[in-house]
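Scroll down for the structure; my scribbles are underneath it.
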Amino acid sequence: MVAFALDAPFPFARPSRRQPDHPMNEAKFDALYRRTAGKVWSYLYRLTGDASIADDLLQKTFFRVLRSNPTVADDDHMRRYIYKTATNLAFDHFRETKRERAYAAASQRSDVRPETTELRHDMMRVFAELKPQERALLWLAHVEESNHDEIADALGVKSKSVRVLLFRARKRLGELLAKKGLAPEVAR
Amino acid sequence: MTSGCRFENDVLRAIESDSWSDSLREHVATCDECSAAKNAGAWMHSFAAIDDREHILPNPSIVWLKAQLLQQTRTVDRATRPMSMVQSAAYVLVATCWAMFLTAKWNTLAAWAKTLTTSRFVIDPPIASLSMTTVFVVMLLASATAMLALHTILAED
């Protein structure tokens, strides 16, 4: 007598769509957003030089995060995923609008307190002269303190290239600062 | 932290804490990579320190709600895509049938149209010069066109 296992899947049955292990609900999203959105916004703002574009890209970033609903092991993976998405969106934005040159103009539209405006303008103008990839590299390396693997992941480049790219970006920033007489004093 | 020159992380830490050992200073003086990291790092820290907090971020509840709406729209789009494709195919089919029919029967239709003068209607009733098949095809195509138009209007509503 052959015993049939009724609960066994039919051999040619289509596999059921696998649900994420930890689906995102509103409370989890709220917590994630409050933890990360500020820093991601600053990153996008420094990349684009425009607060409203940074707002748009920030929202798109989180839309994508919610849509893909990634099953991530920990906060670090999620952070990497968010920065990668934000960077891709910012670069897409530059490609679509070809507005790299408009960065400087955008950065001049400022609604901040007067005492910080001038300093910000100077710094934003210097930063605007860098390429988007250089901006992203410097921000991730120095402000987010990301390692080369994380930077490579966010920018979609090889990890080994990051060292060279970062060196070039730093040199270029140094040259720009020297040209504008803004180079920091060397503590020797 | 980054991982270029093996002293790079020490340099970055020294920038943050503003405490430089003599050996690190000597290294920075001789290492291009660390020197560049030092100059860029110091400036980037001041740049990052400019306060952006006065900017109000989009509310997380609104972002969540928008994401849900977008997801729903995407689901509806995905569900209605086959229907839209069938509808487009139907437009093409009906237009092609009309074109074929008019091309094939143009002379007959033109001759029949010429007989439709007012005087002919009043004085002498027109002689039916169209075959039953032609009339049937015209009615069929007209019905199909009307149904398609109605479907489009109702679907949009």
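Labels for the structure tokens follow display order: chains A, B, ..., residues from 1 in each chain, ligands from 1.
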
Residues of chain A at most 6 Å from chain B: nearest atom pair and distance in Å, only C-alpha atoms, as a tab-separated table:
```
residue	atom	partner	partner_atom	distance
A:Asp30	CA	B:Pro60	CA	5.8
A:Phe63	CA	B:Ala67	CA	5.3
A:His142	CA	B:Gly41	CA	5.9
A:Glu145	CA	B:Met1	CA	4.7
A:Ser146	CA	B:Met1	CA	5.2
A:Asn147	CA	B:Thr2	CA	4.1
A:His148	CA	B:Thr2	CA	5.6
A:Arg163	CA	B:Gly4	CA	5.7
A:Arg170	CA	B:Ala40	CA	5.4
A:Lys171	CA	B:Ala36	CA	5.7
A:Arg188	CA	B:Arg25	CA	5.8
```

Close residues, range 73-82 of chain A itself excluded, 8 Å, only C-alpha atoms, min 3 positions apart in chain, as a ChimeraX atom specification
/A:36,61-62,65,85-86,150,153-154

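For the pair CA of Ala31 in chain A and CA of Ser68 in chain A, the separation is 17.7 Å.
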
Going by DSSP on the backbone, which bits of range 29-67 of chain B are alpha helix (DSSP H)? Write them as a PyMOL selection string, please.
chain B and resi 29-30+32-49+60-67

Produce a file of the selected residues containing C-alpha atoms, as an mmCIF file, in the first residue's frame.
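Wrote selection_3.cif, looks like this:
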```cif
data_model
loop_
_atom_site.group_PDB
_atom_site.id
_atom_site.type_symbol
_atom_site.label_atom_id
_atom_site.label_comp_id
_atom_site.auth_asym_id
_atom_site.auth_seq_id
_atom_site.Cartn_x
_atom_site.Cartn_y
_atom_site.Cartn_z
ATOM 1 C CA ALA B 29 54.173 65.183 6.745
ATOM 2 C CA THR B 30 55.550 62.303 4.679
ATOM 3 C CA ASP B 32 50.377 62.095 0.710
ATOM 4 C CA GLU B 33 47.296 60.042 1.479
ATOM 5 C CA CYS B 34 47.145 61.003 5.140
ATOM 6 C CA SER B 35 47.980 64.603 4.385
ATOM 7 C CA ALA B 36 45.069 64.809 1.958
ATOM 8 C CA ALA B 37 42.838 62.995 4.458
ATOM 9 C CA LYS B 38 43.815 65.461 7.130
ATOM 10 C CA ASN B 39 43.098 68.567 5.080
ATOM 11 C CA ALA B 40 39.857 67.250 3.675
ATOM 12 C CA GLY B 41 38.780 65.719 6.992
ATOM 13 C CA ALA B 42 39.205 68.933 8.960
ATOM 14 C CA TRP B 43 37.208 70.906 6.437
ATOM 15 C CA MET B 44 34.525 68.241 6.076
ATOM 16 C CA HIS B 45 34.000 68.228 9.833
ATOM 17 C CA SER B 46 33.405 71.981 9.854
ATOM 18 C CA PHE B 47 31.161 71.610 6.816
ATOM 19 C CA ALA B 48 29.121 68.863 8.465
ATOM 20 C CA ALA B 49 28.885 70.867 11.661
ATOM 21 C CA PRO B 60 7.086 59.794 8.765
ATOM 22 C CA SER B 61 3.320 59.133 8.858
ATOM 23 C CA ILE B 62 2.875 61.059 5.629
ATOM 24 C CA VAL B 63 5.788 59.248 4.000
ATOM 25 C CA TRP B 64 4.257 55.928 5.115
ATOM 26 C CA LEU B 65 0.833 56.925 3.787
ATOM 27 C CA LYS B 66 2.254 58.090 0.452
ATOM 28 C CA ALA B 67 4.206 54.847 0.149
#
```

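Our summary of the geometry notes that CA of Thr80 in chain B is positioned 21.2 Å from CA of Thr145 in chain B.
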